[in-house]
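Q: Quick one: the structure is below, questions incoming.
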Amino acid sequence: MIDITGGFGIDSYYFSRKVKAVTHCEINSELSAIAQHNARVLHTTNIEFKAEDGIAYIQNSDASFDTIYVDPARRAEKGKVFMLKDCTPDIVSNLDTLLEKSSRIIVKTAPLLDISAGLSELKQVSEIHIVSIKNECKELLWIIDKGYQDDTKIRAVTLNNGIEKDFSFHRSSSNASVLFTDNLSQGDYLYEPDAALLKSGAFNLIGTTYSLLKLHPQTQLFSTNIIKADFPGRIFKIEAILSTGELKKASNLKGNVIVRNYPAKPEDLVKKYKIKADQDQFLIFTKIANGENVILKASIIQYY
């Protein structure tokens, strides 16, 4: 394996525990020396260090690799990056060169990168792994296999306190149809998908996979009258369903405010209705299938 954006060598170190040999390329010679020092301290002997540009090394080398790994950085003049072409090294322009020297390329990107845009820039993407920790999307992993022409598999993986949950599907099935609830009731359970599932874009497929009813086409919340503990995300128990008029009459309101497809910001709602913070109670402002804005008073059953 070759890591062409080696940096401090953290990724290379963990790769070295799984593969026979790793080549670490880092264009910054001082950083390359630091990574080499760290490897010695960690008694790692199967990493070869090259203080040079990773793309150039591959172009000039006669060697081939089982896997090429790259973690491109956004260009210095860019702010938030949504396209691979705005990153360094330029994987898109050099993809053919890399595929000449390897049958597999793994690209790690920040979660802001748009999946549809990435698929339009890249080719032969066999899998995309979306990784989240405690409901925070951390990164995307793009698996490129030489010659792959089939449907891309998307895996949304959630890692929380030693518990791993995996929501996998092929991209062609992401636009599945879903049923909507027209009878949301007190005592029902409300399901909020983990950030990794939402990043996948399979908004309706989430409902059909876990036999849940969706609240509204643009509300990524679901409900049912039973608990499904294998669901990757938060689960709430609905204690009351309130209208805005009923909320105005209420006093001593407490709860964490969540806004999903509702025409107001959480901080404005807290101020408007004088809502005090509460660790276990939630007030969820959202829209249901008939277009009505409602407030769900709920307690949390499952965090992840």
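The way I read the labels, and the way they are meant: chains A, B, ... in the order of the structure tokens, residue 1 as the first residue of every chain, and ligand 1 as the first ligand shown, with later ones counted on from there.
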Determine, counting only C-alpha atoms, which protein, DNA and RNA residues have an atom within 7 Å of an atom of Glu52 in chain A; residues of the same chain fewer than 3 positions away are not included. Present the result as a compact mmCIF listing (two decimals) with N, CA and C atoms, in the first residue's frame.

A:
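The result, written out as result_33.txt:
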# COMPACT_ATOMS: atom_id res chain seq x y z
N CYS A 25 4.51 8.76 1.55
CA CYS A 25 5.02 9.90 0.78
C CYS A 25 4.54 11.19 1.42
N GLU A 26 5.47 12.09 1.66
CA GLU A 26 5.13 13.39 2.22
C GLU A 26 6.07 14.44 1.62
N ILE A 27 5.50 15.43 0.94
CA ILE A 27 6.29 16.42 0.22
C ILE A 27 7.07 17.34 1.16
N TYR A 57 5.99 10.63 -7.29
CA TYR A 57 6.66 9.37 -6.96
C TYR A 57 6.02 8.21 -7.74

Q: Pick from A:Ser132, A:Gln279, A:Thr88, A:Asn225: nearest to Leu198 in chain A, with only C-alpha atoms counted?

A: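 That would be A:Ser132, the residue with the smallest distance to Leu198 in chain A.
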
Q: Which residue gives the smallest distance to Ser126 in chain A among A:Ser251, A:Asn46, A:Gln149, A:Asn183, with only C-alpha atoms counted?

A: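 Counting only C-alpha atoms, the residue closest to Ser126 in chain A is A:Gln149.
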
Q: From the options A:Val270, A:Ala73, A:Leu212, A:Ile105, which residue's atoms come nearest to Asp90 in chain A, counting only C-alpha atoms?

A: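 Going through A:Val270, A:Ala73, A:Leu212, A:Ile105 one by one, the smallest distance to Asp90 in chain A is for A:Ala73.
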
Q: From a backbone DSSP assignment, name each residue in range 36-262 of chain A labelled strand (DSSP E or B), as a PyMOL selection string.

A: chain A and resi 47-50+65+68-70+73-74+87-88+102+104-109+125-133+136-145+153-160+163-170+180+189-193+213-216+219-224+233-242+254+256-260

Q: Would you kindly return, as an mmCIF file with N, CA and C atoms, in the first residue's frame, each protein, DNA or RNA residue with an atom no farther than 7 Å from any atom of range 220-224 of chain A, considering only C-alpha atoms and excluding same-chain residues fewer than 5 positions away?

A:
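Result file is selection32.cif:
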data_model
loop_
_atom_site.group_PDB
_atom_site.id
_atom_site.type_symbol
_atom_site.label_atom_id
_atom_site.label_comp_id
_atom_site.auth_asym_id
_atom_site.auth_seq_id
_atom_site.Cartn_x
_atom_site.Cartn_y
_atom_site.Cartn_z
ATOM 1 N N ASP A 188 -46.630 7.376 20.365
ATOM 2 C CA ASP A 188 -45.820 6.882 19.252
ATOM 3 C C ASP A 188 -44.350 7.200 19.486
ATOM 4 N N TYR A 189 -43.508 6.542 18.703
ATOM 5 C CA TYR A 189 -42.066 6.787 18.793
ATOM 6 C C TYR A 189 -41.608 7.545 17.556
ATOM 7 N N LEU A 190 -40.795 8.556 17.781
ATOM 8 C CA LEU A 190 -40.272 9.397 16.713
ATOM 9 C C LEU A 190 -38.812 9.024 16.455
ATOM 10 N N TYR A 191 -38.479 8.848 15.174
ATOM 11 C CA TYR A 191 -37.139 8.400 14.783
ATOM 12 C C TYR A 191 -36.421 9.509 14.006
ATOM 13 N N GLU A 192 -35.241 9.883 14.491
ATOM 14 C CA GLU A 192 -34.403 10.878 13.820
ATOM 15 C C GLU A 192 -33.128 10.197 13.329
ATOM 16 N N PHE A 203 -33.292 9.330 1.842
ATOM 17 C CA PHE A 203 -34.269 9.783 2.826
ATOM 18 C C PHE A 203 -35.493 8.871 2.910
ATOM 19 N N GLY A 207 -37.011 4.954 5.704
ATOM 20 C CA GLY A 207 -38.329 4.562 6.195
ATOM 21 C C GLY A 207 -38.715 3.162 5.795
ATOM 22 N N LEU A 212 -40.863 2.316 8.824
ATOM 23 C CA LEU A 212 -41.276 3.529 9.513
ATOM 24 C C LEU A 212 -42.115 4.391 8.576
ATOM 25 N N LEU A 213 -42.969 5.213 9.156
ATOM 26 C CA LEU A 213 -43.778 6.159 8.396
ATOM 27 C C LEU A 213 -43.132 7.537 8.481
ATOM 28 N N LYS A 214 -43.061 8.218 7.352
ATOM 29 C CA LYS A 214 -42.432 9.534 7.304
ATOM 30 C C LYS A 214 -43.432 10.616 7.679
ATOM 31 N N LEU A 215 -42.935 11.684 8.325
ATOM 32 C CA LEU A 215 -43.838 12.748 8.756
ATOM 33 C C LEU A 215 -44.266 13.664 7.607
#

Q: Would you pick out the contacts of Leu95 in chain A at 9 Å or less, using only C-alpha atoms, so that residues sharing its chain but fewer than 3 positions from it are not included, and give the list as a PyMOL selection string?

A: chain A and resi 90-92+98-100+105+122-123

Q: From the options A:Ser29, A:Gln36, A:Ser12, A:Asn261, which residue's atoms come nearest to Ile284 in chain A, counting only C-alpha atoms?

A: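 Comparing A:Ser29, A:Gln36, A:Ser12, A:Asn261 against Ile284 in chain A, the winner is A:Asn261.
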
Q: Sorted by chain and rising residue number, list the residues of range 104-167 of chain A at most 9 Å from range 228-240 of chain A (counting only C-alpha atoms), each with its closest atom pair and distance in Å to one decimal, as CSV.

A:
residue,atom,partner,partner_atom,distance
A:Asn135,CA,A:Gly233,CA,7.3
A:Val157,CA,A:Pro232,CA,8.6
A:Thr158,CA,A:Pro232,CA,6.9
A:Glu164,CA,A:Pro232,CA,8.9
A:Lys165,CA,A:Pro232,CA,6.1
A:Asp166,CA,A:Pro232,CA,7.7
A:Phe167,CA,A:Pro232,CA,7.7

Q: Which distance in Å separates CA of Lys101 in chain A and CA of Ser120 in chain A, to one decimal?

A: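 Interatomic distance, CA of Lys101 in chain A to CA of Ser120 in chain A: 22.5 Å.
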
Q: Show me, as a PyMOL selection string, the residues that have an atom within 7 Å of Ile154 in chain A when counting only C-alpha atoms, minus same-chain residues fewer than 5 positions from it.

A: chain A and resi 127-129+168-171

Q: Using C-alpha atoms, can you write the selected residues to a file as a PDB file, in the first residue's frame?

A:
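For reference, part_19.pdb as written:
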ATOM      1  CA  GLU A 127     -18.287   1.949  -2.579  1.00  0.00           C
ATOM      2  CA  ILE A 128     -18.703   5.110  -0.539  1.00  0.00           C
ATOM      3  CA  HIS A 129     -18.367   4.795   3.231  1.00  0.00           C
ATOM      4  CA  SER A 168     -25.988  -0.102   3.401  1.00  0.00           C
ATOM      5  CA  PHE A 169     -27.676   0.142   0.017  1.00  0.00           C
ATOM      6  CA  HIS A 170     -26.950   0.506  -3.682  1.00  0.00           C
ATOM      7  CA  ARG A 171     -27.370   4.020  -4.963  1.00  0.00           C
TER       8      ARG A 171
END
